[in-house]
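Student: For reference, this is structure-v4.cif, and it has mmCIF, C-alpha atoms.
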data_data
#
loop_
_atom_site.label_atom_id
_atom_site.label_comp_id
_atom_site.auth_asym_id
_atom_site.auth_seq_id
_atom_site.Cartn_x
_atom_site.Cartn_y
_atom_site.Cartn_z
CA MET C 744 110.20 94.74 107.47
CA THR C 745 106.54 94.95 106.65
CA PHE C 746 105.10 96.69 103.64
CA ALA C 747 103.96 99.48 105.94
CA ASP C 748 107.59 99.99 106.92
CA ASP C 749 108.58 100.05 103.25
CA LEU C 750 105.96 102.66 102.42
CA LYS C 751 106.92 104.72 105.45
CA ALA C 752 110.54 104.73 104.30
CA ILE C 753 109.48 105.98 100.86
CA PHE C 754 107.37 108.73 102.38
CA ILE C 755 110.03 109.87 104.84
CA ALA C 756 112.62 110.09 102.10
CA ASP C 757 110.48 112.51 100.08
CA THR C 758 110.87 116.02 101.44
CA THR C 759 107.94 117.34 99.41
CA LEU C 760 105.67 114.95 101.28
CA ALA C 761 107.37 114.78 104.67
CA GLY C 762 108.06 118.50 105.02
CA PRO C 763 104.48 119.74 105.48
CA LEU C 764 103.60 116.71 107.64
CA THR C 765 104.90 118.32 110.80
CA GLY C 766 103.21 115.75 113.00
CA GLY C 767 105.34 112.99 111.56
CA ILE C 768 104.96 109.77 109.61
CA TYR C 769 104.17 106.58 111.50
CA THR C 770 103.27 102.97 111.03
CA TYR C 771 100.30 101.58 112.90
CA GLU C 772 102.57 99.32 114.95
CA GLU C 773 104.33 102.39 116.31
CA THR C 774 101.05 103.83 117.54
CA LYS C 775 99.99 100.65 119.28
CA ARG C 776 96.28 99.89 119.19
CA TYR C 777 94.86 103.40 119.35
CA GLY C 778 96.37 104.94 116.26
CA ILE C 779 97.48 108.55 116.46
CA SER C 780 97.02 109.77 120.02
CA ILE C 781 98.60 112.30 122.33
CA GLU C 782 99.74 109.52 124.63
CA ASN C 783 101.49 107.34 122.05
CA THR C 784 102.49 109.88 119.41
CA PRO C 785 103.01 113.15 121.32
CA LYS C 786 105.03 114.65 118.49
CA ALA C 787 101.89 114.62 116.36
CA TYR C 788 100.46 117.36 118.59
CA ASP C 789 101.63 120.86 119.33
CA ALA C 790 102.11 122.36 122.79
CA ASN C 791 98.40 123.19 122.98
CA GLY C 792 97.32 119.65 122.13
CA ILE C 793 96.28 120.55 118.60
CA LEU C 794 96.83 117.80 116.04
CA LYS C 795 99.40 118.58 113.36
CA PRO C 796 99.34 117.16 109.83
CA THR C 797 100.28 113.53 110.27
CA LEU C 798 100.54 110.40 108.15
CA LEU C 799 100.01 106.84 109.29
CA VAL C 800 100.56 103.66 107.27
CA LYS C 801 98.74 100.51 108.26
CA ASP C 802 98.88 96.93 106.98
CA ARG C 803 95.28 95.82 106.61
CA SER C 804 95.20 92.37 105.12
CA GLN C 805 97.06 89.83 103.05
CA THR C 806 94.95 87.48 100.98
CA PRO C 807 96.07 84.75 98.59
CA ASP C 808 94.76 85.45 95.12
CA TYR C 809 95.70 82.01 93.68
CA GLY C 810 97.23 83.58 90.61
CA ILE C 811 100.41 81.65 91.32
CA MET C 812 100.23 78.64 93.57
CA THR C 813 102.74 75.80 93.75
CA ASP C 814 102.51 73.29 96.55
CA THR C 815 105.90 71.73 95.84
CA ASP C 816 107.72 75.04 96.21
CA GLN C 817 105.21 76.33 98.78
CA LEU C 818 104.74 79.58 96.94
CA ILE C 819 101.51 81.51 96.61
CA SER C 820 100.76 84.94 95.22
CA THR C 821 99.01 87.36 97.53
CA ARG C 822 97.32 90.76 97.56
CA HIS C 823 98.58 92.82 100.46
CA ILE C 824 96.41 95.82 101.31
CA CYS C 825 97.89 98.84 103.04
CA GLU C 826 96.06 101.94 104.23
CA VAL C 827 97.62 105.38 104.15
CA TRP C 828 95.85 107.65 106.62
CA LEU C 829 96.40 111.41 106.68
CA TYR C 830 95.21 113.41 109.66
CA ASP C 831 94.92 117.08 110.47
CA ASP C 832 93.20 119.18 113.09
CA GLY C 833 89.43 119.24 112.75
CA ASP C 834 89.35 122.99 112.20
CA SER C 835 91.87 122.96 109.37
CA ASN C 836 90.81 123.38 105.76
CA GLY C 837 92.43 120.10 104.75
CA THR C 838 94.66 121.52 102.04
CA VAL C 839 97.86 120.16 103.59
CA ILE C 840 96.68 116.58 103.83
CA GLU C 841 94.94 116.73 100.48
CA ALA C 842 98.21 117.79 98.86
CA ALA C 843 100.00 115.09 100.86
CA ARG C 844 97.50 112.49 99.71
CA LYS C 845 98.17 113.34 96.08
CA ARG C 846 101.90 113.35 96.66
CA ALA C 847 101.76 109.97 98.42
CA PHE C 848 99.86 108.60 95.45
CA THR C 849 102.52 109.73 92.99
CA LEU C 850 105.23 108.19 95.13
CA ILE C 851 103.81 104.68 95.25
CA ALA C 852 101.08 104.10 92.66
CA GLY C 853 102.37 101.89 89.90
CA LYS C 854 105.78 101.74 91.51
CA ARG C 855 107.88 98.86 92.77
CA VAL C 856 108.18 98.97 96.53
CA SER C 857 110.17 96.95 99.05
CA ALA C 858 113.35 94.95 98.57
CA ASN C 859 111.50 92.41 96.43
CA LYS C 860 110.24 95.12 94.04
CA ASN C 861 106.59 94.35 94.64
CA LEU C 862 104.15 96.27 92.47
CA CYS C 863 101.94 98.75 94.31
CA ARG C 864 98.65 100.07 92.92
CA LEU C 865 95.83 102.23 94.17
CA LEU C 866 92.85 100.19 95.38
CA GLY C 867 89.36 101.59 95.24
CA TYR C 868 88.50 105.23 95.72
CA PRO C 869 90.24 107.54 98.18
CA GLN C 870 88.36 108.32 101.38
CA LEU C 871 88.11 112.10 101.47
CA ALA C 872 87.15 114.54 104.20
CA GLY C 873 86.40 112.01 106.90
CA ARG C 874 86.08 112.74 110.61
CA ASP C 875 87.55 110.60 113.38
CA SER C 876 85.34 110.79 116.44
CA SER C 877 88.03 109.20 118.60
CA MET C 878 90.35 112.11 117.85
CA GLY C 879 87.99 114.99 118.53
CA MET C 880 86.53 114.90 115.02
CA ALA C 881 89.95 115.32 113.47
CA LEU C 882 89.97 115.59 109.70
CA PHE C 883 91.33 112.64 107.79
CA CYS C 884 91.67 111.28 104.31
CA ARG C 885 92.85 107.88 103.26
CA ILE C 886 94.06 105.94 100.27
CA ASP C 887 94.23 102.18 100.08
CA VAL C 888 96.90 100.46 98.05
CA VAL C 889 97.34 96.85 97.01
CA ILE C 890 100.80 95.37 96.85
CA PHE C 891 101.17 92.21 94.80
CA SER C 892 103.53 89.86 96.53
CA MET C 893 104.54 86.26 96.92
CA GLU C 894 104.35 84.27 100.13
CA PRO C 895 106.72 83.46 101.62
CA MET L 308 70.84 63.25 54.19
CA PRO L 309 70.76 66.98 53.62
CA ILE L 310 70.79 69.33 56.61
CA SER L 311 67.78 71.63 56.87
CA TRP L 312 67.59 74.73 59.00
CA ASN L 313 64.43 75.76 60.83
CA SER L 314 65.66 79.32 61.07
CA THR L 315 68.37 81.44 59.63
CA ILE L 316 71.91 81.04 60.85
CA GLN L 317 71.79 84.57 62.18
CA ASP L 318 68.69 83.79 64.26
CA ALA L 319 70.27 80.60 65.55
CA VAL L 320 73.38 82.43 66.69
CA THR L 321 71.33 85.18 68.27
CA GLN L 322 69.11 82.75 70.14
CA GLY L 323 72.05 80.70 71.28
CA TYR L 324 73.86 83.80 72.49
CA GLU L 325 70.82 85.04 74.42
CA ARG L 326 70.35 81.65 76.03
CA TYR L 327 74.01 81.56 77.02
CA ILE L 328 73.82 85.02 78.59
CA ALA L 329 70.68 84.12 80.51
CA THR L 330 72.32 80.95 81.80
CA LEU L 331 75.44 82.84 82.80
CA ASN L 332 73.48 85.53 84.63
CA ALA L 333 71.50 82.88 86.49
CA ALA L 334 74.71 81.18 87.51
CA ILE L 335 76.23 84.43 88.73
CA LEU L 336 73.10 85.21 90.75
CA ASN L 337 73.16 81.74 92.24
CA LEU L 338 76.82 82.19 93.17
CA ALA L 339 76.14 85.56 94.79
CA GLU L 340 73.28 84.13 96.83
CA GLN L 341 75.58 81.46 98.18
CA PHE L 342 78.39 83.83 99.05
CA ALA L 343 76.27 86.46 100.81
CA PRO L 344 75.56 84.36 103.94
CA MET L 345 79.22 83.41 104.16
CA ILE L 346 80.25 87.05 104.03
CA GLU L 347 77.72 87.91 106.71
CA ALA L 348 78.95 85.12 108.97
CA TYR L 349 82.55 86.14 108.37
CA MET L 350 81.90 89.72 109.43
CA ARG L 351 80.05 88.70 112.58
CA ASP L 352 82.75 86.22 113.56
CA ASN L 353 85.69 88.51 112.87
CA ALA L 354 84.51 91.94 114.01
CA GLN L 355 87.06 93.05 116.58
CA TRP L 356 84.96 95.20 118.89
CA GLU L 357 83.60 94.10 122.24
CA ASP L 358 79.82 93.95 122.22
CA ARG L 359 77.69 96.04 124.54
CA THR L 360 74.17 95.49 123.22
CA GLY L 361 75.21 93.19 120.42
CA ASP L 362 73.33 95.30 117.88
CA ALA L 363 76.36 96.28 115.83
CA ARG L 364 77.43 92.68 115.36
CA ARG L 365 73.94 91.30 114.89
CA LEU L 366 73.04 93.91 112.27
CA LEU L 367 76.06 93.32 110.07
CA HIS L 368 74.49 92.16 106.84
CA ALA L 369 75.16 91.03 103.30
CA GLU L 370 72.50 90.88 100.64
CA VAL L 371 72.17 90.23 96.96
CA THR L 372 70.51 92.44 94.38
CA GLN L 373 69.81 91.07 90.94
CA LEU L 374 70.69 93.29 88.02
CA VAL L 375 69.63 93.07 84.39
CA SER L 376 73.01 91.50 83.70
CA GLY L 377 74.66 90.20 86.83
CA ALA L 378 74.24 90.64 90.53
CA VAL L 379 75.46 92.87 93.34
CA ILE L 380 76.46 91.70 96.79
CA SER L 381 76.21 94.63 99.16
CA PHE L 382 77.29 94.31 102.73
CA GLY L 383 77.89 96.60 105.66
CA HIS L 384 76.74 97.85 109.01
CA GLY L 385 73.15 98.04 110.14
CA VAL L 386 73.75 100.56 112.91
CA THR L 387 74.14 104.29 112.34
CA TYR L 388 77.46 104.41 114.18
CA GLY L 389 78.98 101.78 111.93
CA VAL L 390 80.92 104.48 110.11
CA TYR L 391 82.76 105.27 113.34
CA LEU L 392 83.60 101.63 113.88
CA GLU L 393 85.12 101.63 110.41
CA HIS L 394 87.14 104.83 110.73
CA SER L 395 88.05 105.45 114.37
CA MET L 396 91.62 104.82 115.52
CA ALA L 397 92.81 104.18 111.98
CA GLY L 398 90.15 101.58 111.40
CA ARG L 399 90.89 99.55 114.50
CA PHE L 400 87.37 98.06 114.48
CA SER L 401 86.83 97.99 110.74
CA ILE L 402 85.28 94.83 109.32
CA VAL L 403 83.67 95.78 106.02
CA LEU L 404 86.84 96.37 104.05
CA PRO L 405 88.70 93.40 105.54
CA ALA L 406 85.72 91.29 104.49
CA LEU L 407 85.90 92.77 101.02
CA ASP L 408 89.62 92.05 100.85
CA TYR L 409 89.05 88.39 101.63
CA TRP L 410 85.82 87.62 99.80
CA SER L 411 86.48 89.56 96.62
CA VAL L 412 89.28 87.13 95.84
CA GLN L 413 87.13 84.08 96.60
CA ILE L 414 84.21 85.34 94.55
CA TRP L 415 86.37 86.27 91.58
CA ALA L 416 88.02 82.85 91.66
CA ALA L 417 84.57 81.25 91.66
CA ILE L 418 83.38 83.45 88.80
CA LYS L 419 86.42 82.57 86.71
CA ASP L 420 85.84 78.92 87.48
CA LEU L 421 82.22 78.91 86.32
CA ASP L 422 81.63 76.09 83.94
CA VAL L 423 78.72 76.81 81.66
CA SER L 424 78.95 73.45 79.97
CA GLY L 425 77.62 71.27 82.77
CA ILE L 426 77.80 70.11 86.35
CA LYS L 427 81.07 70.48 88.20
CA GLN L 428 81.68 70.13 91.91
CA ILE L 429 83.70 72.91 93.49
CA ASN L 430 86.61 72.03 95.70
CA THR L 431 85.51 73.50 99.01
CA GLU L 432 88.67 72.76 100.98
CA ALA L 433 89.98 76.27 100.61
CA LEU L 434 86.71 77.91 101.58
CA PRO L 435 85.66 78.34 105.19
CA TYR L 436 82.19 79.00 106.55
CA GLY L 437 80.57 75.84 105.26
CA ALA L 438 80.97 76.71 101.63
CA SER L 439 79.58 73.90 99.56
CA TYR L 440 78.20 75.61 96.54
CA GLN L 441 77.74 73.45 93.53
CA ARG L 442 77.35 74.58 90.05
CA GLY L 443 74.23 73.02 88.71
CA PRO L 444 73.45 72.06 85.13
CA LEU L 445 73.75 75.53 83.76
CA ASN L 446 72.37 74.64 80.40
CA SER L 447 69.15 73.15 81.75
#
Written as structure tokens, how would this file's structure read?
Tutor:
Amino acid sequence: MTFADDLKAIFIADTTLAGPLTGGIYTYEETKRYGISIENTPKAYDANGILKPTLLVKDRSQTPDYGIMTDTDQLISTRHICEVWLYDDGDSNGTVIEAARKRAFTLIAGKRVSANKNLCRLLGYPQLAGRDSSMGMALFCRIDVVIFSMEP
Amino acid sequence: MPISWNSTIQDAVTQGYERYIATLNAAILNLAEQFAPMIEAYMRDNAQWEDRTGDARRLLHAEVTQLVSGAVISFGHGVTYGVYLEHSMAGRFSIVLPALDYWSVQIWAAIKDLDVSGIKQINTEALPYGASYQRGPLNS
């Protein structure tokens, strides 16, 4: 399981977060290369093709930070960055995904995630009120989180 | 032989501290100026989109701004539609933040490894993109 899968499992298990997200919660791998789309994630859209509130978790990068590095044991500490994208229809007022963004933050920030209890923290500033031109100017917001892990 | 002071101890400490800070800031600026081209090359090599005119890739840039105390490396797109490359399809074509993810760690490791006491060659094995920065005699 990837960290995106771990975060998705946390989000799905929380009814406060998952309930309003009627379009579903996905990992980027599930959406293939195009992200949320009517072809790959039809349940994220209603019968009229209008995007419903949806969450997508994406693994972005994993970079060694050299905090712990042992060649004999072949262990190295890493910073694993995940993106949590929240989408809604472009004509919505954004209150659902804004509330979901805050809820997602409380579920994972400063918490131990995954089977190895890796620490997860917010990274940088949230991206608020963005527009995705590939999705008909759908509204999105995003938080980035860093998960401190060991490789392997 | 008795020791004589040309100035007060307070002045000596103050002057020494100011000289140290100036040396450190110069070293940080030097480091930033060496990393900026590497970041720029990294973004151009690793951007995932397919070029049409080549402008988006060619205009990716990284530059250094000197501050009163320290330096800033700013990098990003040079085309107006760069924001869409970063955000569309859940960041499928993003390059700025992946570059930040990678180079922030390298730069911080280099900053922590700064030796203000003299010359020390950096081990460049772990650094790609022709990194061969060398810390000069910082107290000269």
Student: Leaving out region 332-336 of chain L and any residue of its chain fewer than 5 positions from it, which residues lie within 7 Å of it when counting all atoms listed in the file, given as a list in words?
Tutor: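 Near region 332-336 of chain L, the qualifying residues are Gln373, Ser376, Gly377, Ala378 and Leu445 of chain L.
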Student: Could you list, with a cut-off of 12 Å and counting all atoms listed in the file, the residues of chain C near chain L, each shown with its nearest atom pair and the distance in Å rounded to one decimal, rows sorted by chain and ascending number, as a Markdown table?
Tutor:
| residue | atom | partner | partner_atom | distance |
| --- | --- | --- | --- | --- |
| C:Tyr769 | CA | L:Ala397 | CA | 11.6 |
| C:Thr770 | CA | L:Ala397 | CA | 10.6 |
| C:Tyr771 | CA | L:Ala397 | CA | 8.0 |
| C:Glu772 | CA | L:Ala397 | CA | 11.3 |
| C:Thr774 | CA | L:Met396 | CA | 9.7 |
| C:Lys775 | CA | L:Met396 | CA | 10.1 |
| C:Arg776 | CA | L:Arg399 | CA | 7.2 |
| C:Tyr777 | CA | L:Met396 | CA | 5.2 |
| C:Gly778 | CA | L:Met396 | CA | 4.8 |
| C:Ile779 | CA | L:Met396 | CA | 7.0 |
| C:Ser780 | CA | L:Met396 | CA | 8.6 |
| C:Leu798 | CA | L:Ala397 | CA | 10.6 |
| C:Leu799 | CA | L:Ala397 | CA | 8.1 |
| C:Val800 | CA | L:Ala397 | CA | 9.1 |
| C:Lys801 | CA | L:Ala397 | CA | 7.9 |
| C:Asp802 | CA | L:Ala397 | CA | 10.7 |
| C:Arg803 | CA | L:Pro405 | CA | 7.1 |
| C:Ser804 | CA | L:Pro405 | CA | 6.6 |
| C:Gln805 | CA | L:Asp408 | CA | 8.1 |
| C:Thr806 | CA | L:Tyr409 | CA | 6.0 |
| C:Pro807 | CA | L:Val412 | CA | 7.7 |
| C:Asp808 | CA | L:Val412 | CA | 5.8 |
| C:Tyr809 | CA | L:Ala416 | CA | 8.0 |
| C:Gly810 | CA | L:Ala416 | CA | 9.3 |
| C:Ser820 | CA | L:Val412 | CA | 11.7 |
| C:Thr821 | CA | L:Val412 | CA | 9.9 |
| C:Arg822 | CA | L:Asp408 | CA | 8.5 |
| C:His823 | CA | L:Asp408 | CA | 9.0 |
| C:Ile824 | CA | L:Asp408 | CA | 7.8 |
| C:Cys825 | CA | L:Asp408 | CA | 10.9 |
| C:Glu826 | CA | L:Ala397 | CA | 8.7 |
| C:Val827 | CA | L:Ala397 | CA | 9.3 |
| C:Trp828 | CA | L:Ala397 | CA | 7.1 |
| C:Leu829 | CA | L:Ala397 | CA | 9.7 |
| C:Tyr830 | CA | L:Ala397 | CA | 9.8 |
| C:Leu866 | CA | L:Asp408 | CA | 10.3 |
| C:Gly867 | CA | L:Leu404 | CA | 10.5 |
| C:Gln870 | CA | L:His394 | CA | 10.1 |
| C:Leu871 | CA | L:His394 | CA | 11.8 |
| C:Ala872 | CA | L:His394 | CA | 11.7 |
| C:Gly873 | CA | L:His394 | CA | 8.2 |
| C:Arg874 | CA | L:His394 | CA | 8.0 |
| C:Asp875 | CA | L:Ser395 | CA | 5.3 |
| C:Ser876 | CA | L:Ser395 | CA | 6.3 |
| C:Ser877 | CA | L:Ser395 | CA | 5.7 |
| C:Met878 | CA | L:Met396 | CA | 7.8 |
| C:Gly879 | CA | L:Ser395 | CA | 10.4 |
| C:Met880 | CA | L:Ser395 | CA | 9.6 |
| C:Ala881 | CA | L:Ser395 | CA | 10.1 |
| C:Leu882 | CA | L:His394 | CA | 11.2 |
| C:Phe883 | CA | L:His394 | CA | 9.3 |
| C:Cys884 | CA | L:His394 | CA | 10.2 |
| C:Arg885 | CA | L:Ala397 | CA | 9.5 |
| C:Ile886 | CA | L:Ala397 | CA | 11.9 |
| C:Asp887 | CA | L:Leu404 | CA | 10.2 |
| C:Val888 | CA | L:Asp408 | CA | 11.5 |
| C:Val889 | CA | L:Asp408 | CA | 9.9 |
Student: Write out as a PyMOL selection string each polymer residue whose atoms come within 12 Å of Thr849 (chain C), counting all atoms listed in the file; drop sequence neighbours fewer than 3 positions from it.
Tutor: chain C and resi 753-754+757+759-760+842-846+852-854+863-865+886+888
Student: Distance cut-off 6 Å, centre (74.0, 95.0, 109.5) in file coordinates, counting all atoms listed in the file: which residues qualify? Return them as a PDB file with C-alpha atoms, in the coordinates of the input.
Tutor:
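Below is the file that was written, point-v1.pdb:
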ATOM      1  CA  LEU L 366      73.040  93.910 112.270  1.00  0.00           C
ATOM      2  CA  LEU L 367      76.060  93.320 110.070  1.00  0.00           C
ATOM      3  CA  HIS L 368      74.490  92.160 106.840  1.00  0.00           C
ATOM      4  CA  GLY L 383      77.890  96.600 105.660  1.00  0.00           C
ATOM      5  CA  HIS L 384      76.740  97.850 109.010  1.00  0.00           C
ATOM      6  CA  GLY L 385      73.150  98.040 110.140  1.00  0.00           C
TER       7      GLY L 385
END
Student: By how many Å are CA of Asn353 (chain L) and CA of Gly389 (chain L) apart?
Tutor: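 Interatomic distance here is 14.9 Å.
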Student: Name the residues that the PyMOL selection byres ((chain L and resi 381) around 10) picks from the file above, as a PDB file with C-alpha atoms, keeping the file's coordinate frame, using the file's chain letters and numbers.
Tutor:
ATOM      1  CA  ALA L 343      76.270  86.460 100.810  1.00  0.00           C
ATOM      2  CA  ILE L 346      80.250  87.050 104.030  1.00  0.00           C
ATOM      3  CA  HIS L 368      74.490  92.160 106.840  1.00  0.00           C
ATOM      4  CA  ALA L 369      75.160  91.030 103.300  1.00  0.00           C
ATOM      5  CA  GLU L 370      72.500  90.880 100.640  1.00  0.00           C
ATOM      6  CA  VAL L 371      72.170  90.230  96.960  1.00  0.00           C
ATOM      7  CA  THR L 372      70.510  92.440  94.380  1.00  0.00           C
ATOM      8  CA  ALA L 378      74.240  90.640  90.530  1.00  0.00           C
ATOM      9  CA  VAL L 379      75.460  92.870  93.340  1.00  0.00           C
ATOM     10  CA  ILE L 380      76.460  91.700  96.790  1.00  0.00           C
ATOM     11  CA  PHE L 382      77.290  94.310 102.730  1.00  0.00           C
ATOM     12  CA  GLY L 383      77.890  96.600 105.660  1.00  0.00           C
TER      13      GLY L 383
END
Student: Can you work out which one of C:Asp749, C:Glu841, C:Asp814, C:Asp789 has the shortest atom-to-atom distance to Gly767 (chain C), counting all atoms listed in the file?
Tutor: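 Under the stated criterion, the closest residue is C:Asp789.
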Student: Figure out the distance between CA of Phe746 (chain C) and CA of Val856 (chain C), please, to one decimal in Å.
Tutor: 8.1 Å
Student: What does the distance from CA of Ile819 (chain C) to CA of Met350 (chain L) come to in Å, to one decimal?
Tutor: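 Calculated distance between CA of Ile819 (chain C) and CA of Met350 (chain L) is 24.8 Å.
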